[in-house]
Amino acid sequence: MLRSPVGVSMAVVVLLGVTIAIDLFAVWVGFEQRSLAADFVAGHLSAGSLADADRIDLLYGAASVAQGCAIAATAVVFIVWFRRVRINAEVFRPDGHRRSRGWASWGWFVPIVNLWAPRQVATDTWDASLPEAGLIPQKYPHTVINRWWGLWLAGNAIGGVASSQYDKAESIGEIRTAAQVLMLSDALDVAAAVAAIMFVRSLTRMQNEKALRGPVMAPFPA
């Protein structure tokens with residue numbers, strides 16, 4: 001049975017927008033931190049330098065907590081949407097799915113396999129949701145999916161490295177380097193969130209339009 005993904009998709013887009021705003025804030029904190037570290041390395045210290053360092057540490061902690069909350073909330077709602085469009089895809093096309101609908105939810109949490117399984121679900125769902133010319137599905141490239149998936153994987157990988165570097169950093173130079181890698185990770189997260197919005201909106205629109213058109217009838221024999 002078809003269920004509209006429109007309402008849930010709107011919630012996903014809003015949460016992704018909040019995530020983007022928080023990530024941009026984190027990038028700004030990273031700039032501040034890198035600038036202060038550069039001043040320490042160059043010996044350009046002032047009476048307020050230590051106070052600035054404490055302020056930036058507080059901002060970094062606040063940004064980290066906000067990012068964690070935003071990611072958790074977005075992930076839950078995104079998976080609800082993802083499972084719904086996957087189930088709809090079975091109505092549009094019962095065959096041609098490499099993985100069962102369960103992979104749309106718990107497949108994200110299986111180590112190693114989650115590096116490609118959700119993308120397979122996404123591409124199969126995309127293909128099943130494409131508009132049709134008669135009985136033949138039209139061919140749309142997976143560019144939107146590939147862009148989102150590639151940025152998401154890159155952001156996660158670099159984010160893990162950045163967090164490890166920052167936790168282990170002891171010298172001012174190491175802190176500055178870790179801050180730069182964290183900024184890159186946050187920038188990739190912003191790009192991935194933008195790409196995710198494009199993916200969610202595109203797939204939701206295709207499914208909504210296909211559902212409104214109704215089933216495609218076979219032509220009468222000549």
# chains A, B, ... in the order shown; residues from 1 in each chain; ligands from 1
$ residues_around --residues "Gly155 in chain A" --least-positions-apart "2" --cutoff "6 Å" --atoms "only C-alpha atoms" --output "list in words"
Leu151, Trp152, Leu153, Ala157, Ile158, Gly159, Ser185, Leu188 and Asp189 of chain A
$ residues_around --residues "Arg98 in chain A" --least-positions-apart "3" --cutoff "10 Å" --atoms "only C-alpha atoms" --output "JSON, numbers by chain"
{"A": [95, 101, 103, 117, 120, 121, 123, 124]}
$ select_by_dssp --residues "chain A" --states "strand (DSSP E or B)" --output "list in words"
Glu132, Ala133, Ile136 and Pro137 of chain A
$ write_last_selection --atoms "N, CA, C and O atoms" --output "PDB file, in the first residue's frame"
ATOM      1  N   GLU A 132       7.333   6.625 -16.337  1.00  0.00           N
ATOM      2  CA  GLU A 132       7.343   5.620 -17.394  1.00  0.00           C
ATOM      3  C   GLU A 132       6.807   6.207 -18.688  1.00  0.00           C
ATOM      4  O   GLU A 132       5.905   7.051 -18.686  1.00  0.00           O
ATOM      5  N   ALA A 133       7.373   5.757 -19.770  1.00  0.00           N
ATOM      6  CA  ALA A 133       6.859   6.078 -21.092  1.00  0.00           C
ATOM      7  C   ALA A 133       6.159   4.816 -21.593  1.00  0.00           C
ATOM      8  O   ALA A 133       6.798   3.874 -22.051  1.00  0.00           O
ATOM      9  N   ILE A 136       7.535   1.261 -20.311  1.00  0.00           N
ATOM     10  CA  ILE A 136       8.995   1.218 -20.220  1.00  0.00           C
ATOM     11  C   ILE A 136       9.480   2.330 -19.295  1.00  0.00           C
ATOM     12  O   ILE A 136       9.248   3.511 -19.567  1.00  0.00           O
ATOM     13  N   PRO A 137      10.134   1.993 -18.177  1.00  0.00           N
ATOM     14  CA  PRO A 137      10.643   3.032 -17.275  1.00  0.00           C
ATOM     15  C   PRO A 137      11.680   3.903 -17.987  1.00  0.00           C
ATOM     16  O   PRO A 137      12.508   3.414 -18.749  1.00  0.00           O
TER      17      PRO A 137
END
$ atom_distance --atom1 "CA of Val80 in chain A" --atom2 "CA of Ala26 in chain A"
27.2 Å
$ select_by_dssp --residues "range 92-179 of chain A" --states "helix (DSSP H, G or I)" --output "PyMOL selection string"
chain A and resi 92+101-104+106-109+113-115+117-128+143-168+172-179
$ residues_around --residues "Val6 in chain A" --least-positions-apart "6" --cutoff "9 Å" --atoms "only C-alpha atoms" --output "ChimeraX atom specification"
/A:81,201,204-205,208
$ closest_residue --among "A:Val190, A:Ile56, A:Ala38, A:Val181" --to "Ala21 in chain A" --atoms "only C-alpha atoms"
A:Val190
$ closest_residue --among "A:Leu115, A:Ala122, A:Ile175, A:Val29" --to "Arg99 in chain A" --atoms "only C-alpha atoms"
A:Ala122
$ residues_around --residues "Arg3 in chain A" --least-positions-apart "2" --cutoff "10 Å" --atoms "only C-alpha atoms" --output "PyMOL selection string"
chain A and resi 1+5-6+84-85+87-88+207-208+211
$ write_last_selection --atoms "all heavy atoms" --output "short mmCIF file (atom, residue, chain, number, x, y, z; two decimals), in the first residue's frame"
data_model
loop_
_atom_site.label_atom_id
_atom_site.label_comp_id
_atom_site.auth_asym_id
_atom_site.auth_seq_id
_atom_site.Cartn_x
_atom_site.Cartn_y
_atom_site.Cartn_z
N MET A 1 0.84 -1.19 0.00
CA MET A 1 0.00 0.00 0.00
C MET A 1 0.87 1.24 0.00
O MET A 1 1.82 1.35 0.78
CB MET A 1 -0.91 0.01 1.23
CG MET A 1 -1.81 1.23 1.32
SD MET A 1 -2.89 1.14 2.77
CE MET A 1 -3.73 2.72 2.62
N PRO A 5 5.20 10.08 1.03
CA PRO A 5 6.43 10.45 1.74
C PRO A 5 6.60 11.96 1.86
O PRO A 5 7.62 12.42 2.39
CB PRO A 5 7.51 9.87 0.82
CG PRO A 5 6.94 10.01 -0.55
CD PRO A 5 5.43 9.83 -0.41
N VAL A 6 5.62 12.73 1.40
CA VAL A 6 5.78 14.18 1.33
C VAL A 6 5.97 14.81 2.70
O VAL A 6 6.89 15.60 2.93
CB VAL A 6 4.58 14.83 0.60
CG1 VAL A 6 4.68 16.35 0.64
CG2 VAL A 6 4.51 14.34 -0.84
N ARG A 84 9.96 4.36 4.07
CA ARG A 84 8.67 4.57 3.43
C ARG A 84 8.80 4.58 1.91
O ARG A 84 7.99 3.95 1.21
CB ARG A 84 8.05 5.89 3.91
CG ARG A 84 6.68 6.17 3.28
CD ARG A 84 5.96 7.30 3.98
NE ARG A 84 5.70 6.98 5.38
CZ ARG A 84 4.99 7.76 6.19
NH1 ARG A 84 4.49 8.91 5.76
NH2 ARG A 84 4.79 7.40 7.45
N VAL A 85 9.81 5.28 1.38
CA VAL A 85 9.96 5.31 -0.08
C VAL A 85 10.38 3.95 -0.61
O VAL A 85 10.02 3.58 -1.73
CB VAL A 85 10.95 6.40 -0.53
CG1 VAL A 85 10.42 7.79 -0.21
CG2 VAL A 85 12.34 6.22 0.10
N ILE A 87 9.35 1.02 0.65
CA ILE A 87 8.12 0.22 0.61
C ILE A 87 7.25 0.66 -0.57
O ILE A 87 6.66 -0.18 -1.27
CB ILE A 87 7.35 0.36 1.94
CG1 ILE A 87 8.15 -0.30 3.07
CG2 ILE A 87 5.97 -0.29 1.84
CD1 ILE A 87 7.57 -0.08 4.45
N ASN A 88 7.17 1.96 -0.81
CA ASN A 88 6.43 2.44 -1.98
C ASN A 88 7.00 1.88 -3.26
O ASN A 88 6.26 1.57 -4.21
CB ASN A 88 6.46 3.97 -2.03
CG ASN A 88 5.56 4.61 -0.99
OD1 ASN A 88 4.72 3.96 -0.39
ND2 ASN A 88 5.75 5.90 -0.78
N GLN A 207 8.04 9.97 -6.62
CA GLN A 207 7.05 9.03 -6.08
C GLN A 207 5.67 9.67 -6.00
O GLN A 207 4.66 9.02 -6.31
CB GLN A 207 7.49 8.54 -4.71
CG GLN A 207 8.64 7.56 -4.76
CD GLN A 207 8.67 6.61 -3.57
OE1 GLN A 207 7.97 6.81 -2.57
NE2 GLN A 207 9.47 5.56 -3.67
N ASN A 208 5.62 10.93 -5.60
CA ASN A 208 4.33 11.60 -5.49
C ASN A 208 3.67 11.74 -6.86
O ASN A 208 2.46 11.46 -7.01
CB ASN A 208 4.53 12.98 -4.86
CG ASN A 208 3.22 13.64 -4.50
OD1 ASN A 208 2.38 13.07 -3.82
ND2 ASN A 208 3.03 14.87 -4.97
N ALA A 211 2.50 8.29 -8.10
CA ALA A 211 1.30 7.83 -7.40
C ALA A 211 0.06 8.57 -7.89
O ALA A 211 -1.02 7.97 -8.04
CB ALA A 211 1.46 8.04 -5.89
#
$ residues_around --residues "range 17-20 of chain A" --least-positions-apart "3" --cutoff "6 Å" --atoms "only C-alpha atoms" --output "PDB file with C-alpha atoms, in the first residue's frame"
ATOM      1  CA  VAL A  14      14.001  21.014   7.783  1.00  0.00           C
ATOM      2  CA  ASP A  23      27.858  22.822  10.754  1.00  0.00           C
ATOM      3  CA  ALA A  70      21.039  17.340  15.069  1.00  0.00           C
ATOM      4  CA  VAL A 190      27.408  20.796   4.786  1.00  0.00           C
TER       5      VAL A 190
END
$ closest_residue --among "A:Ala75, A:Met10, A:Val144, A:Val110" --to "Ser202 in chain A" --atoms "only C-alpha atoms"
A:Val144
$ atom_distance --atom1 "CA of Leu182 in chain A" --atom2 "CA of Ala53 in chain A"
17.0 Å
$ closest_residue --among "A:Ala179, A:Met206, A:Val12, A:Ala195" --to "Ser35 in chain A" --atoms "only C-alpha atoms"
A:Ala179
$ atom_distance --atom1 "CA of Met183 in chain A" --atom2 "CA of Gly30 in chain A"
5.7 Å
